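Here the structure comes first, spelled out in structure tokens, and everything after it is commentary.
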Amino acid sequence: MSCTAADFAPIRFSTFDLPERERLPRWREEFGRGIVQVDIEPMASDGPYHAEATLQALPGVRTVCCSGSAVRLTRTRDMAAESDGSIGLVVNLGPTAIVSQRGRDTALATGEAFAILNDERAVLTITRHLGIVLPWAALAARVKHLETSVMRAIPRTVEPLRLLTGYLGLVQKEATLAKPTLRQSVASHIQDLAALALGAHRDSQEASGNGVAAARLAAALADIAERFTDQGLTVESVARRQGISPRYLQRLLEMSGTPFTARVSELRLERAFALLTDGSGGRRRISEIAMEAGFSDVSHFNRLFRARFGDSPSGVRTQR
């Protein structure tokens, strides 16, 4: 059966629409045992039980982001026996969490991660976390002696881990991943970054450069999209926030097909067009709209606008 892009869109679950008496039993049975294969036990009765989760599946990668009441998640021996031999990378996004496997307890501070063997019994006490399920073979091809790299805490200061969590956050904001090749590339990038966080060997580190570059580019694009109306936005300011050099950022943007200046100008022009045609722009001066969109020179704005849309700002406003 063929898969559409919608098959890979994030799926969201929540207990908030359920009657309070049904929340825990249904979440435990339908979500815990039915989907993620864990037993769920609340840790405290500090109010009605609540939980929500977002799941996404890509070729060779599955992710789940959970939050809610403090819980103990247990993968029993019977559940573990049905595992496909994958590795679960757990990133703690809340207060201190405890991971237990093979008789050893490990405390995870906020932002730290731990690689769990999914085919063995494990217990996770946590409130909010990101879980990433990865095939053993995909990581073993990238991490030498993988068996010695799992079941240990990964500090939040490890840069590939930071890039990985940021990259996944951006991927989940996409409604769909339209092309199969794009889905495969994103999954490969996630595997690259996870392997680097676990300590990929040198040869794999060089091969995993695509994952690092993709994560850095995605973070930079999100930064630009958030701040493009700032008239002081520069390559240097974006690079500084991302912790990379301006030259490297320019190279990433050029490889993506749209240099920094062209990307920022397009975002600003689209914002100006929207302001001119949203019904309220008719009562505002063109110069005000240009400034709000991020342009500091009205004449320059007018030239770019006509070249982009085939008419002047006033002409577009009149037509609309």
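Labeling convention for the structure tokens: chains A, B, ... as they appear, residues from 1 per chain, ligands from 1 in order of appearance.
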If you run DSSP on the backbone here, which positions in segment 55-218 of chain A get alpha helix (DSSP H)? Please write them as a ChimeraX atom specification.
/A:77-81,136-140,159-173,180-198,202-207,209-218
Tell me which protein, DNA and RNA residues are within 12 Å of Asp78 of chain A, counting only C-alpha atoms, leaving out same-chain ones fewer than 5 positions away, and put them as an MDAnalysis selection string.
chainID A and resid 33 37:39 83 118:122
Give me, as a list in words, all polymer residues having an atom no more than 6 Å from Ile40 of chain A, counting only C-alpha atoms and skipping those fewer than 5 positions away in the same chain.
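Contacts, with the query itself left out: Arg28, Arg72 and Leu73 of chain A.
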May I have the selected residues written with N, CA and C atoms, as a PDB file, in the first residue's frame?
```pdb
ATOM      1  N   ARG A  28      -3.925   4.851  29.577  1.00  0.00           N
ATOM      2  CA  ARG A  28      -3.074   3.691  29.866  1.00  0.00           C
ATOM      3  C   ARG A  28      -3.292   2.586  28.843  1.00  0.00           C
ATOM      4  N   ARG A  72       5.177   7.022  35.975  1.00  0.00           N
ATOM      5  CA  ARG A  72       6.203   5.996  35.846  1.00  0.00           C
ATOM      6  C   ARG A  72       5.827   5.144  34.639  1.00  0.00           C
ATOM      7  N   LEU A  73       6.692   5.147  33.637  1.00  0.00           N
ATOM      8  CA  LEU A  73       6.462   4.379  32.418  1.00  0.00           C
ATOM      9  C   LEU A  73       7.299   3.114  32.494  1.00  0.00           C
TER      10      LEU A  73
END
```
Produce a table with one row for each residue of segment 211-252 of chain A that has an atom at most 8 Å from any atom of segment 166-173 of chain A, each row naming the nearest atom pair and its distance in Å at one decimal; use only C-alpha atoms; arrange rows by chain and rising residue number; format as CSV.
```
residue,atom,partner,partner_atom,distance
A:Ala215,CA,A:Tyr167,CA,5.2
A:Ala218,CA,A:Tyr167,CA,6.7
A:Ala219,CA,A:Tyr167,CA,7.0
A:Ala222,CA,A:Leu170,CA,7.8
```
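For the pair atom CA of Ile126 of chain A and atom CA of Arg104 of chain A, the separation is 16.3 Å.
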Within 10 Å of Pro25 of chain A using only C-alpha atoms, minus same-chain residues under 6 positions, as a PyMOL selection string:
chain A and resi 31-32+40-41
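For the atom pair formed by atom CA of Ala138 of chain A and atom CA of Leu252 of chain A, the distance is 25.9 Å, given to one decimal.
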Which one is closest to Arg142 of chain A: A:Ser299, A:Ser14, A:Ser67, A:Ser188? Count only C-alpha atoms.
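Of the candidates, the smallest distance to Arg142 of chain A is held by A:Ser188.
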Residues of segment 213-279 of chain A within 12 Å of segment 192-200 of chain A: nearest atom pair and distance (Å, one decimal) for each, counting only C-alpha atoms, sorted by chain and number, as a Markdown table?
```
| residue | atom | partner | partner_atom | distance |
| --- | --- | --- | --- | --- |
| A:Ala213 | CA | A:Leu193 | CA | 10.1 |
| A:Ala214 | CA | A:Leu193 | CA | 9.9 |
| A:Ala215 | CA | A:Leu193 | CA | 8.5 |
| A:Arg216 | CA | A:Leu193 | CA | 11.2 |
```
Output file for the residues above (C-alpha atoms, as a compact mmCIF listing (two decimals), in the first residue's frame):
```txt
# COMPACT_ATOMS: atom_id res chain seq x y z
CA ALA A 213 24.26 21.07 8.16
CA ALA A 214 20.54 20.37 7.77
CA ALA A 215 19.89 21.02 11.45
CA ARG A 216 21.90 24.24 11.42
```
Do you have the atom CA of Cys65 of chain A-atom CA of Ser86 of chain A distance handy?
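Separation between atom CA of Cys65 of chain A and atom CA of Ser86 of chain A: 17.7 Å.
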Do a neighbour search on segment 286-293 of chain A at 7 Å with only C-alpha atoms, toss out local chain neighbours closer than 6 positions, and write the hits as an MDAnalysis selection string.
chainID A and resid 229 268 271:272 275 301
As an mmCIF file with N, CA and C atoms, in the first residue's frame, please: the residues near Thr148 of chain A (cut-off 12 Å, only C-alpha atoms, same-chain neighbours under 4 positions excluded).
```cif
data_model
loop_
_atom_site.group_PDB
_atom_site.id
_atom_site.type_symbol
_atom_site.label_atom_id
_atom_site.label_comp_id
_atom_site.auth_asym_id
_atom_site.auth_seq_id
_atom_site.Cartn_x
_atom_site.Cartn_y
_atom_site.Cartn_z
ATOM 1 N N ALA A 115 19.971 6.697 26.180
ATOM 2 C CA ALA A 115 19.619 5.715 25.155
ATOM 3 C C ALA A 115 19.191 4.413 25.819
ATOM 4 N N ILE A 116 17.949 3.992 25.570
ATOM 5 C CA ILE A 116 17.370 2.801 26.179
ATOM 6 C C ILE A 116 17.333 1.659 25.175
ATOM 7 N N LEU A 117 17.592 0.450 25.655
ATOM 8 C CA LEU A 117 17.440 -0.748 24.824
ATOM 9 C C LEU A 117 15.969 -1.152 24.876
ATOM 10 N N ALA A 140 24.183 1.391 14.417
ATOM 11 C CA ALA A 140 25.393 0.566 14.439
ATOM 12 C C ALA A 140 26.297 0.872 13.249
ATOM 13 N N VAL A 143 27.897 4.258 14.621
ATOM 14 C CA VAL A 143 28.551 4.306 15.935
ATOM 15 C C VAL A 143 29.321 3.004 16.164
ATOM 16 N N LYS A 144 30.627 3.106 16.284
ATOM 17 C CA LYS A 144 31.448 1.937 16.545
ATOM 18 C C LYS A 144 31.235 1.476 17.981
ATOM 19 N N ARG A 152 23.535 5.213 28.921
ATOM 20 C CA ARG A 152 24.312 6.211 29.658
ATOM 21 C C ARG A 152 23.725 7.586 29.381
ATOM 22 N N LEU A 198 25.554 10.055 20.396
ATOM 23 C CA LEU A 198 25.993 8.831 21.065
ATOM 24 C C LEU A 198 27.495 8.596 20.962
ATOM 25 N N GLY A 199 28.156 9.383 20.103
ATOM 26 C CA GLY A 199 29.597 9.237 19.959
ATOM 27 C C GLY A 199 30.006 8.498 18.716
ATOM 28 N N ALA A 200 29.532 8.942 17.575
ATOM 29 C CA ALA A 200 29.857 8.288 16.306
ATOM 30 C C ALA A 200 31.364 8.299 16.076
#
```
With DSSP run on the backbone, what are the strand (DSSP E or B) residues within segment 24-264 of chain A? I'd like them as an NGL selection string.
:A and (39-42 or 51-58 or 61-75 or 87-92 or 97-101 or 104-108 or 113-117 or 122-134 or 153-154)
Between A:Pro48, A:Gly60, A:Gly294, A:Gly243, which has the minimum distance to Ser185 of chain A (counting only C-alpha atoms)?
A:Gly60
Counting only C-alpha atoms, what is within 12 Å of Leu18 of chain A, bar same-chain residues fewer than 6 positions away, as a compact mmCIF listing (two decimals) with N, CA and C atoms, in the first residue's frame?
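Now in part27.txt:
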```txt
# COMPACT_ATOMS: atom_id res chain seq x y z
N LEU A 24 -7.21 8.37 32.89
CA LEU A 24 -6.10 7.45 33.15
C LEU A 24 -6.34 6.07 32.53
N PRO A 25 -7.49 5.43 32.77
CA PRO A 25 -7.65 4.08 32.19
C PRO A 25 -7.59 4.05 30.67
N ARG A 26 -8.15 5.07 30.02
CA ARG A 26 -8.11 5.07 28.56
C ARG A 26 -6.73 5.42 28.04
N TRP A 27 -6.05 6.36 28.68
CA TRP A 27 -4.70 6.71 28.26
C TRP A 27 -3.75 5.54 28.45
N PRO A 48 -6.62 16.14 38.75
CA PRO A 48 -7.05 15.20 37.71
C PRO A 48 -5.89 14.81 36.81
N TYR A 49 -5.83 13.56 36.44
CA TYR A 49 -4.77 13.10 35.54
C TYR A 49 -4.93 13.76 34.18
N HIS A 50 -3.81 14.18 33.60
CA HIS A 50 -3.85 14.75 32.26
C HIS A 50 -2.57 14.39 31.52
N ALA A 51 -2.69 14.26 30.23
CA ALA A 51 -1.54 13.93 29.40
C ALA A 51 -1.85 14.28 27.96
N GLU A 52 -0.81 14.61 27.24
CA GLU A 52 -0.93 14.84 25.80
C GLU A 52 0.37 14.43 25.13
```
Min atom-atom distance to Arg128 of chain A from the set A:Leu217, A:Leu233, A:Leu108, A:Val212, counting only C-alpha atoms, belongs to A:Leu108
For each of A:Thr110, A:Ser237, A:Gly68, A:Gln184, take the minimum atom-to-atom distance to Phe16 of chain A, counting only C-alpha atoms, then give the residue where this is smallest.
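Residue with the minimum atom-to-atom distance to Phe16 of chain A: A:Gly68.
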A:Gln319, A:Thr181, A:Gln250, A:Ser312: which is nearest Arg263 of chain A, counting only C-alpha atoms?
A:Gln250
